[in-house]
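Have a look at entry-v4.pdb; it's PDB, C-alpha atoms, pLDDT in the B column:
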```pdb
ATOM      1  CA  MET G   1       0.000   0.000   0.000  1.00 41.00           C
ATOM      2  CA  PRO G   2       1.378   3.505  -0.752  1.00 45.00           C
ATOM      3  CA  LYS G   3       2.236   5.590   2.255  1.00 44.00           C
ATOM      4  CA  SER G   4      -0.130   8.356   3.223  1.00 43.00           C
ATOM      5  CA  ARG G   5       0.731  11.839   2.109  1.00 44.00           C
ATOM      6  CA  ARG G   6       2.263  14.394   4.391  1.00 41.00           C
ATOM      7  CA  ALA G   7       0.052  16.384   6.717  1.00 39.00           C
ATOM      8  CA  SER G   8      -1.717  19.358   5.240  1.00 37.00           C
ATOM      9  CA  SER G   9       0.224  21.669   7.566  1.00 40.00           C
ATOM     10  CA  ALA G  10       3.366  21.105   5.504  1.00 40.00           C
ATOM     11  CA  ALA G  11       4.516  24.083   3.466  1.00 42.00           C
ATOM     12  CA  PRO G  12       3.011  24.014  -0.020  1.00 44.00           C
ATOM     13  CA  ALA G  13       5.308  23.433  -2.965  1.00 45.00           C
ATOM     14  CA  PRO G  14       6.218  26.602  -4.860  1.00 45.00           C
ATOM     15  CA  PRO G  15       4.265  27.080  -8.072  1.00 47.00           C
ATOM     16  CA  ALA G  16       5.909  25.698 -11.160  1.00 47.00           C
ATOM     17  CA  ALA G  17       7.140  27.985 -13.884  1.00 47.00           C
ATOM     18  CA  PRO G  18       4.651  28.286 -16.750  1.00 50.00           C
ATOM     19  CA  TYR G  19       5.032  25.582 -19.339  1.00 50.00           C
ATOM     20  CA  HIS G  20       6.105  27.055 -22.668  1.00 49.00           C
ATOM     21  CA  HIS G  21       7.987  24.439 -24.629  1.00 49.00           C
ATOM     22  CA  GLY G  22       8.474  20.932 -25.865  1.00 64.00           C
ATOM     23  CA  ASP G  23       6.412  17.830 -25.353  1.00 91.00           C
ATOM     24  CA  LEU G  24       3.639  18.476 -22.825  1.00 95.00           C
ATOM     25  CA  ARG G  25       2.723  14.805 -22.611  1.00 95.00           C
ATOM     26  CA  ARG G  26       6.246  13.855 -21.553  1.00 95.00           C
ATOM     27  CA  ALA G  27       6.425  16.829 -19.183  1.00 96.00           C
ATOM     28  CA  LEU G  28       3.298  15.609 -17.392  1.00 97.00           C
ATOM     29  CA  ILE G  29       4.744  12.097 -17.119  1.00 97.00           C
ATOM     30  CA  ASP G  30       8.016  13.445 -15.719  1.00 97.00           C
ATOM     31  CA  THR G  31       6.160  15.606 -13.216  1.00 97.00           C
ATOM     32  CA  ALA G  32       4.056  12.670 -12.057  1.00 97.00           C
ATOM     33  CA  LEU G  33       7.171  10.528 -11.664  1.00 97.00           C
ATOM     34  CA  SER G  34       8.794  13.245  -9.565  1.00 97.00           C
ATOM     35  CA  MET G  35       5.710  13.415  -7.364  1.00 97.00           C
ATOM     36  CA  VAL G  36       5.624   9.634  -6.911  1.00 97.00           C
ATOM     37  CA  THR G  37       9.299   9.662  -5.973  1.00 96.00           C
ATOM     38  CA  GLU G  38       9.084  12.643  -3.626  1.00 95.00           C
ATOM     39  CA  GLU G  39       5.898  11.628  -1.836  1.00 94.00           C
ATOM     40  CA  GLY G  40       6.277   7.855  -1.932  1.00 94.00           C
ATOM     41  CA  ALA G  41       2.634   7.740  -3.011  1.00 94.00           C
ATOM     42  CA  TRP G  42       0.381   8.506  -5.949  1.00 95.00           C
ATOM     43  CA  ASP G  43      -2.777   9.788  -4.312  1.00 95.00           C
ATOM     44  CA  PHE G  44      -2.336  13.207  -5.921  1.00 96.00           C
ATOM     45  CA  THR G  45      -4.790  14.499  -8.519  1.00 96.00           C
ATOM     46  CA  LEU G  46      -4.352  15.400 -12.163  1.00 96.00           C
ATOM     47  CA  ARG G  47      -5.053  18.988 -11.121  1.00 96.00           C
ATOM     48  CA  GLU G  48      -1.986  18.875  -8.867  1.00 97.00           C
ATOM     49  CA  VAL G  49       0.138  17.438 -11.672  1.00 97.00           C
ATOM     50  CA  ALA G  50      -1.036  20.218 -13.972  1.00 96.00           C
ATOM     51  CA  ARG G  51      -0.205  22.852 -11.357  1.00 96.00           C
ATOM     52  CA  ARG G  52       3.273  21.448 -10.844  1.00 96.00           C
ATOM     53  CA  THR G  53       3.825  21.354 -14.608  1.00 95.00           C
ATOM     54  CA  GLY G  54       2.611  24.920 -14.969  1.00 94.00           C
ATOM     55  CA  VAL G  55      -0.398  24.318 -17.222  1.00 94.00           C
ATOM     56  CA  SER G  56      -4.163  24.641 -16.875  1.00 93.00           C
ATOM     57  CA  HIS G  57      -5.979  21.989 -14.856  1.00 93.00           C
ATOM     58  CA  MET G  58      -7.688  20.717 -18.012  1.00 95.00           C
ATOM     59  CA  ALA G  59      -4.498  20.371 -20.066  1.00 94.00           C
ATOM     60  CA  PRO G  60      -3.668  16.807 -18.935  1.00 94.00           C
ATOM     61  CA  TYR G  61      -6.959  15.556 -20.379  1.00 94.00           C
ATOM     62  CA  ASN G  62      -5.666  16.365 -23.856  1.00 94.00           C
ATOM     63  CA  HIS G  63      -3.209  13.480 -23.371  1.00 95.00           C
ATOM     64  CA  PHE G  64      -4.629  11.193 -20.670  1.00 96.00           C
ATOM     65  CA  ALA G  65      -8.164   9.960 -20.056  1.00 94.00           C
ATOM     66  CA  ASP G  66      -7.615   9.936 -16.295  1.00 96.00           C
ATOM     67  CA  LYS G  67      -4.950   9.737 -13.631  1.00 96.00           C
ATOM     68  CA  SER G  68      -4.572   5.974 -14.004  1.00 96.00           C
ATOM     69  CA  ALA G  69      -3.633   6.432 -17.658  1.00 97.00           C
ATOM     70  CA  LEU G  70      -0.936   8.902 -16.621  1.00 97.00           C
ATOM     71  CA  LEU G  71       0.348   6.561 -13.911  1.00 98.00           C
ATOM     72  CA  ALA G  72       0.474   3.742 -16.465  1.00 97.00           C
ATOM     73  CA  GLU G  73       2.936   5.795 -18.505  1.00 97.00           C
ATOM     74  CA  VAL G  74       5.000   6.464 -15.382  1.00 98.00           C
ATOM     75  CA  ALA G  75       5.087   2.720 -14.732  1.00 98.00           C
ATOM     76  CA  THR G  76       6.035   2.103 -18.358  1.00 98.00           C
ATOM     77  CA  LEU G  77       9.138   4.253 -17.870  1.00 97.00           C
ATOM     78  CA  GLY G  78      10.000   2.077 -14.895  1.00 98.00           C
ATOM     79  CA  PHE G  79       9.725  -1.167 -16.850  1.00 98.00           C
ATOM     80  CA  ASP G  80      11.748   0.333 -19.700  1.00 98.00           C
ATOM     81  CA  SER G  81      14.529   1.237 -17.281  1.00 97.00           C
ATOM     82  CA  LEU G  82      14.360  -2.078 -15.428  1.00 97.00           C
ATOM     83  CA  GLY G  83      14.476  -4.034 -18.673  1.00 97.00           C
ATOM     84  CA  LYS G  84      17.548  -2.157 -19.917  1.00 97.00           C
ATOM     85  CA  THR G  85      19.266  -2.640 -16.558  1.00 96.00           C
ATOM     86  CA  MET G  86      18.568  -6.380 -16.628  1.00 96.00           C
ATOM     87  CA  GLU G  87      19.656  -6.680 -20.264  1.00 95.00           C
ATOM     88  CA  ALA G  88      22.977  -5.004 -19.522  1.00 94.00           C
ATOM     89  CA  ALA G  89      23.532  -7.280 -16.542  1.00 93.00           C
ATOM     90  CA  ALA G  90      22.643 -10.432 -18.479  1.00 91.00           C
ATOM     91  CA  GLY G  91      25.023  -9.540 -21.308  1.00 86.00           C
ATOM     92  CA  GLY G  92      27.829  -8.294 -19.118  1.00 73.00           C
ATOM     93  CA  GLN G  93      28.907 -11.742 -17.943  1.00 57.00           C
ATOM     94  CA  PRO G  94      27.971 -14.171 -20.709  1.00 58.00           C
ATOM     95  CA  ARG G  95      30.331 -17.000 -19.742  1.00 73.00           C
ATOM     96  CA  SER G  96      27.690 -19.002 -17.875  1.00 89.00           C
ATOM     97  CA  THR G  97      23.990 -19.033 -17.119  1.00 91.00           C
ATOM     98  CA  ARG G  98      24.827 -19.002 -13.408  1.00 91.00           C
ATOM     99  CA  GLN G  99      26.628 -15.680 -13.780  1.00 91.00           C
ATOM    100  CA  ALA G 100      23.888 -14.263 -15.993  1.00 92.00           C
ATOM    101  CA  LEU G 101      21.158 -15.183 -13.504  1.00 93.00           C
ATOM    102  CA  ALA G 102      23.139 -13.858 -10.548  1.00 92.00           C
ATOM    103  CA  SER G 103      23.913 -10.565 -12.287  1.00 93.00           C
ATOM    104  CA  THR G 104      20.360 -10.135 -13.538  1.00 94.00           C
ATOM    105  CA  ALA G 105      18.948 -10.823 -10.070  1.00 94.00           C
ATOM    106  CA  ALA G 106      21.291  -8.266  -8.548  1.00 93.00           C
ATOM    107  CA  ALA G 107      20.330  -5.649 -11.152  1.00 94.00           C
ATOM    108  CA  TYR G 108      16.639  -6.281 -10.569  1.00 96.00           C
ATOM    109  CA  VAL G 109      16.858  -5.939  -6.790  1.00 94.00           C
ATOM    110  CA  ARG G 110      19.084  -2.871  -7.072  1.00 94.00           C
ATOM    111  CA  PHE G 111      16.488  -1.125  -9.227  1.00 96.00           C
ATOM    112  CA  GLY G 112      13.690  -1.832  -6.764  1.00 95.00           C
ATOM    113  CA  VAL G 113      15.688  -0.809  -3.705  1.00 93.00           C
ATOM    114  CA  GLU G 114      16.892   2.421  -5.332  1.00 95.00           C
ATOM    115  CA  HIS G 115      13.414   3.336  -6.639  1.00 96.00           C
ATOM    116  CA  PRO G 116      10.973   1.895  -4.071  1.00 96.00           C
ATOM    117  CA  ALA G 117       7.965   4.114  -4.804  1.00 96.00           C
ATOM    118  CA  HIS G 118       8.310   3.705  -8.565  1.00 97.00           C
ATOM    119  CA  TYR G 119       8.701  -0.051  -8.112  1.00 97.00           C
ATOM    120  CA  ARG G 120       5.552  -0.273  -5.982  1.00 96.00           C
ATOM    121  CA  LEU G 121       3.599   1.625  -8.613  1.00 97.00           C
ATOM    122  CA  MET G 122       4.828  -0.692 -11.370  1.00 97.00           C
ATOM    123  CA  PHE G 123       3.541  -3.740  -9.519  1.00 95.00           C
ATOM    124  CA  GLY G 124       0.663  -2.111  -7.644  1.00 92.00           C
ATOM    125  CA  ALA G 125      -2.973  -3.128  -7.726  1.00 92.00           C
ATOM    126  CA  GLU G 126      -4.070   0.044  -9.520  1.00 90.00           C
ATOM    127  CA  LEU G 127      -2.243  -1.021 -12.690  1.00 94.00           C
ATOM    128  CA  ALA G 128      -2.663  -4.768 -12.318  1.00 91.00           C
ATOM    129  CA  ASP G 129      -4.798  -4.994 -15.469  1.00 91.00           C
ATOM    130  CA  LYS G 130      -2.070  -4.053 -17.907  1.00 89.00           C
ATOM    131  CA  THR G 131      -4.223  -4.994 -20.898  1.00 89.00           C
ATOM    132  CA  ARG G 132      -5.909  -1.599 -20.490  1.00 93.00           C
ATOM    133  CA  TYR G 133      -2.606   0.116 -21.244  1.00 96.00           C
ATOM    134  CA  PRO G 134      -0.821  -1.226 -24.347  1.00 96.00           C
ATOM    135  CA  ASN G 135       2.442   0.629 -23.724  1.00 96.00           C
ATOM    136  CA  LEU G 136       2.656  -0.702 -20.188  1.00 97.00           C
ATOM    137  CA  GLN G 137       1.821  -4.241 -21.310  1.00 96.00           C
ATOM    138  CA  ALA G 138       4.477  -4.164 -24.021  1.00 97.00           C
ATOM    139  CA  SER G 139       7.153  -2.798 -21.694  1.00 97.00           C
ATOM    140  CA  SER G 140       6.315  -5.312 -18.974  1.00 96.00           C
ATOM    141  CA  ASP G 141       6.418  -8.166 -21.485  1.00 96.00           C
ATOM    142  CA  ALA G 142       9.774  -6.976 -22.834  1.00 97.00           C
ATOM    143  CA  THR G 143      11.237  -6.943 -19.338  1.00 97.00           C
ATOM    144  CA  PHE G 144      10.026 -10.501 -18.701  1.00 96.00           C
ATOM    145  CA  ALA G 145      11.540 -11.490 -22.047  1.00 96.00           C
ATOM    146  CA  VAL G 146      14.998 -10.536 -20.766  1.00 96.00           C
ATOM    147  CA  LEU G 147      14.672 -13.242 -18.140  1.00 95.00           C
ATOM    148  CA  THR G 148      13.255 -15.840 -20.510  1.00 96.00           C
ATOM    149  CA  GLY G 149      16.102 -15.025 -22.888  1.00 95.00           C
ATOM    150  CA  VAL G 150      18.704 -15.860 -20.232  1.00 94.00           C
ATOM    151  CA  LEU G 151      17.031 -19.190 -19.581  1.00 95.00           C
ATOM    152  CA  GLU G 152      16.553 -20.013 -23.264  1.00 95.00           C
ATOM    153  CA  ARG G 153      20.261 -19.423 -23.877  1.00 93.00           C
ATOM    154  CA  GLY G 154      21.041 -21.578 -20.859  1.00 93.00           C
ATOM    155  CA  GLN G 155      18.928 -24.412 -22.250  1.00 95.00           C
ATOM    156  CA  ALA G 156      20.546 -24.086 -25.670  1.00 94.00           C
ATOM    157  CA  ALA G 157      23.993 -24.299 -24.052  1.00 92.00           C
ATOM    158  CA  GLY G 158      23.028 -27.421 -22.126  1.00 93.00           C
ATOM    159  CA  GLN G 159      23.405 -25.675 -18.762  1.00 93.00           C
ATOM    160  CA  VAL G 160      19.700 -25.462 -17.866  1.00 94.00           C
ATOM    161  CA  ARG G 161      17.185 -28.312 -17.893  1.00 93.00           C
ATOM    162  CA  ARG G 162      14.872 -28.591 -20.896  1.00 94.00           C
ATOM    163  CA  GLU G 163      11.581 -27.556 -19.307  1.00 94.00           C
ATOM    164  CA  PRO G 164       8.994 -24.913 -20.220  1.00 96.00           C
ATOM    165  CA  VAL G 165      11.021 -21.727 -20.067  1.00 96.00           C
ATOM    166  CA  ARG G 166       8.072 -19.603 -18.927  1.00 95.00           C
ATOM    167  CA  ASP G 167       7.672 -21.814 -15.854  1.00 95.00           C
ATOM    168  CA  GLN G 168      11.358 -21.400 -15.050  1.00 95.00           C
ATOM    169  CA  ALA G 169      11.154 -17.657 -15.615  1.00 95.00           C
ATOM    170  CA  LEU G 170       8.122 -17.385 -13.338  1.00 95.00           C
ATOM    171  CA  ALA G 171      10.057 -19.103 -10.567  1.00 93.00           C
ATOM    172  CA  ALA G 172      13.008 -16.760 -11.105  1.00 93.00           C
ATOM    173  CA  TRP G 173      10.819 -13.642 -11.202  1.00 94.00           C
ATOM    174  CA  SER G 174       8.977 -14.705  -8.056  1.00 94.00           C
ATOM    175  CA  LEU G 175      12.296 -15.098  -6.274  1.00 93.00           C
ATOM    176  CA  VAL G 176      13.709 -11.684  -7.129  1.00 94.00           C
ATOM    177  CA  HIS G 177      10.387  -9.868  -6.735  1.00 95.00           C
ATOM    178  CA  GLY G 178       9.870 -11.413  -3.323  1.00 93.00           C
ATOM    179  CA  LEU G 179      13.380 -10.520  -2.199  1.00 92.00           C
ATOM    180  CA  THR G 180      13.018  -6.966  -3.495  1.00 94.00           C
ATOM    181  CA  THR G 181       9.741  -6.446  -1.656  1.00 93.00           C
ATOM    182  CA  LEU G 182      11.093  -7.925   1.562  1.00 92.00           C
ATOM    183  CA  VAL G 183      14.134  -5.668   1.470  1.00 89.00           C
ATOM    184  CA  ILE G 184      12.116  -2.531   0.661  1.00 91.00           C
ATOM    185  CA  ASP G 185       9.739  -3.300   3.530  1.00 89.00           C
ATOM    186  CA  GLN G 186      12.690  -4.091   5.826  1.00 85.00           C
ATOM    187  CA  ARG G 187      11.161  -7.479   6.609  1.00 78.00           C
ATOM    188  CA  VAL G 188      14.466  -9.348   6.532  1.00 76.00           C
ATOM    189  CA  SER G 189      16.567  -7.107   8.743  1.00 73.00           C
ATOM    190  CA  PHE G 190      16.424  -9.797  11.442  1.00 63.00           C
ATOM    191  CA  LEU G 191      18.453 -11.958   9.039  1.00 69.00           C
ATOM    192  CA  GLY G 192      21.027  -9.233   8.617  1.00 66.00           C
ATOM    193  CA  VAL G 193      19.813  -8.348   5.128  1.00 66.00           C
ATOM    194  CA  SER G 194      20.007  -4.587   4.696  1.00 65.00           C
ATOM    195  CA  ARG G 195      19.386  -2.441   1.653  1.00 66.00           C
ATOM    196  CA  GLY G 196      23.117  -1.948   1.309  1.00 67.00           C
ATOM    197  CA  GLU G 197      23.659  -5.692   1.047  1.00 75.00           C
ATOM    198  CA  ALA G 198      20.649  -6.456  -1.117  1.00 80.00           C
ATOM    199  CA  GLU G 199      22.658  -7.002  -4.294  1.00 81.00           C
ATOM    200  CA  ARG G 200      24.952  -9.544  -2.658  1.00 84.00           C
ATOM    201  CA  HIS G 201      21.997 -11.536  -1.396  1.00 81.00           C
ATOM    202  CA  ALA G 202      20.348 -11.282  -4.812  1.00 87.00           C
ATOM    203  CA  ARG G 203      23.452 -12.751  -6.448  1.00 87.00           C
ATOM    204  CA  GLN G 204      23.376 -15.615  -3.992  1.00 88.00           C
ATOM    205  CA  ALA G 205      19.688 -16.173  -4.707  1.00 88.00           C
ATOM    206  CA  GLY G 206      20.367 -16.220  -8.450  1.00 89.00           C
ATOM    207  CA  SER G 207      23.135 -18.774  -7.991  1.00 90.00           C
ATOM    208  CA  LEU G 208      20.913 -20.968  -5.826  1.00 86.00           C
ATOM    209  CA  LEU G 209      18.169 -20.754  -8.424  1.00 87.00           C
ATOM    210  CA  PHE G 210      20.598 -21.922 -11.074  1.00 89.00           C
ATOM    211  CA  GLU G 211      21.432 -24.977  -8.986  1.00 89.00           C
ATOM    212  CA  GLY G 212      17.752 -25.905  -9.034  1.00 86.00           C
ATOM    213  CA  LEU G 213      17.584 -25.437 -12.798  1.00 88.00           C
ATOM    214  CA  ARG G 214      20.929 -26.985 -13.686  1.00 89.00           C
ATOM    215  CA  ALA G 215      20.875 -29.601 -16.422  1.00 83.00           C
ATOM    216  CA  LYS G 216      21.764 -33.090 -15.231  1.00 75.00           C
ATOM    217  CA  THR G 217      25.106 -34.423 -16.396  1.00 64.00           C
ATOM    218  CA  ARG G 218      25.694 -38.082 -17.052  1.00 53.00           C
TER     219      ARG G 218
END
```
Represent the structure from my file as structure tokens, please.
Amino acid sequence: MPKSRRASSAAPAPPAAPYHHGDLRRALIDTALSMVTEEGAWDFTLREVARRTGVSHMAPYNHFADKSALLAEVATLGFDSLGKTMEAAAGGQPRSTRQALASTAAAYVRFGVEHPAHYRLMFGAELADKTRYPNLQASSDATFAVLTGVLERGQAAGQVRREPVRDQALAAWSLVHGLTTLVIDQRVSFLGVSRGEAERHARQAGSLLFEGLRAKTR
């Protein structure tokens, strides 16, 4: 659940400079992302986004049907960034599937820990039905494809068992998503797992996952 917004007694944000240039649609998305990041929540209104962007309160409706449509584009940016981060990690150490899984897991957890509010929005209930938002669906699918690609290459190299790759990818995604959420919520501090050590634990988790997926040798 997103955290509640600050008390109304807090000093109001200074008015934004009037918007005069460029791509208004992207400016609204960037403003909304900044608000999600700053407030750790997304219970603001489109009117507030418009005010922060420096445009009329009706201007956002020229680009977005409602606030959820705007938030879907913010989440899409998150999946785009996460996918690129995972892709770089998977290709950075191509010598073995173990290394690729460990590096990809570490990159995934690092993204979530460094961008907790954005991460929660990406996987939050409000945007659970991604079929309503084609851009978000495509970006989410592309990110999942990075993981399936690692496993497909592992199967082709004889390092990973020949099983349905989507089932293997689901197990891998569940592992890193669960670890990311636990670290963000500080639910594993009793095990000595801090945000600063999250990547190391993610690498270990990726290596352990590989052991479960390793192809049998005769």
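The closest residue to G:Gln204, picked from G:Thr31, G:Thr104, G:Ser81, G:Thr45 and counting all atoms listed in the file, is G:Thr104.
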Can you list what the PyMOL selection byres ((chain G and resi 107) around 12) grabs from this structure, as a count of residues only? 37
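Look at G:Ile29: the protein and nucleic acid residues within 9 Å of it, using only C-alpha atoms and passing over chain neighbours fewer than 5 places away, are Leu24, Ser34, Val49, Leu70, Leu71, Glu73 and Val74 of chain G.
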Store the residues of this selection in a file with C-alpha atoms, as a PDB file, in the frame of the given file.
```
ATOM      1  CA  LEU G  24       3.639  18.476 -22.825  1.00 95.00           C
ATOM      2  CA  SER G  34       8.794  13.245  -9.565  1.00 97.00           C
ATOM      3  CA  VAL G  49       0.138  17.438 -11.672  1.00 97.00           C
ATOM      4  CA  LEU G  70      -0.936   8.902 -16.621  1.00 97.00           C
ATOM      5  CA  LEU G  71       0.348   6.561 -13.911  1.00 98.00           C
ATOM      6  CA  GLU G  73       2.936   5.795 -18.505  1.00 97.00           C
ATOM      7  CA  VAL G  74       5.000   6.464 -15.382  1.00 98.00           C
TER       8      VAL G  74
END
```
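Note that the spacing between atom CA of G:Val150 and atom CA of G:Glu211 amounts to 14.7 Å.
The closest residue to G:Arg132, picked from G:Ala65, G:Ala41, G:Gly54, G:Arg166 and counting all atoms listed in the file, is G:Ala65.
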_I'd like the interatomic distance between atom CA of G:Thr53 and atom CA of G:His115, to a tenth of an Å._
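Separating atom CA of G:Thr53 from atom CA of G:His115 is a distance of 21.9 Å.
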ask   = From the set G:Asp80, G:Glu39, G:Glu48, G:Asp30, which residue has the shortest atom-to-atom contact distance to G:Gln137, counting only C-alpha atoms?
value =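 Counting only C-alpha atoms, the residue closest to G:Gln137 is G:Asp80.
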(message) Since I can't run it myself right now, could you work out what the PyMOL selection byres ((chain G and resi 184) around 8) selects here and report it as a list of chain:residue names?
(response) G:Gly112, G:Val113, G:Pro116, G:Thr180, G:Thr181, G:Leu182, G:Val183, G:Asp185, G:Gln186, G:Arg187, G:Arg195
**Asked** Of the candidates G:Arg120, G:Lys130, G:Arg98, G:Lys67, which shows the shortest atom-to-atom distance to G:Gly212, using only C-alpha atoms?
**Response**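 Ranking G:Arg120, G:Lys130, G:Arg98, G:Lys67 by distance to G:Gly212, first place goes to G:Arg98.
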For G:Leu151, the closest of G:Asp167, G:Ser139, G:Ala32, G:Met122 counting all atoms listed in the file is G:Asp167
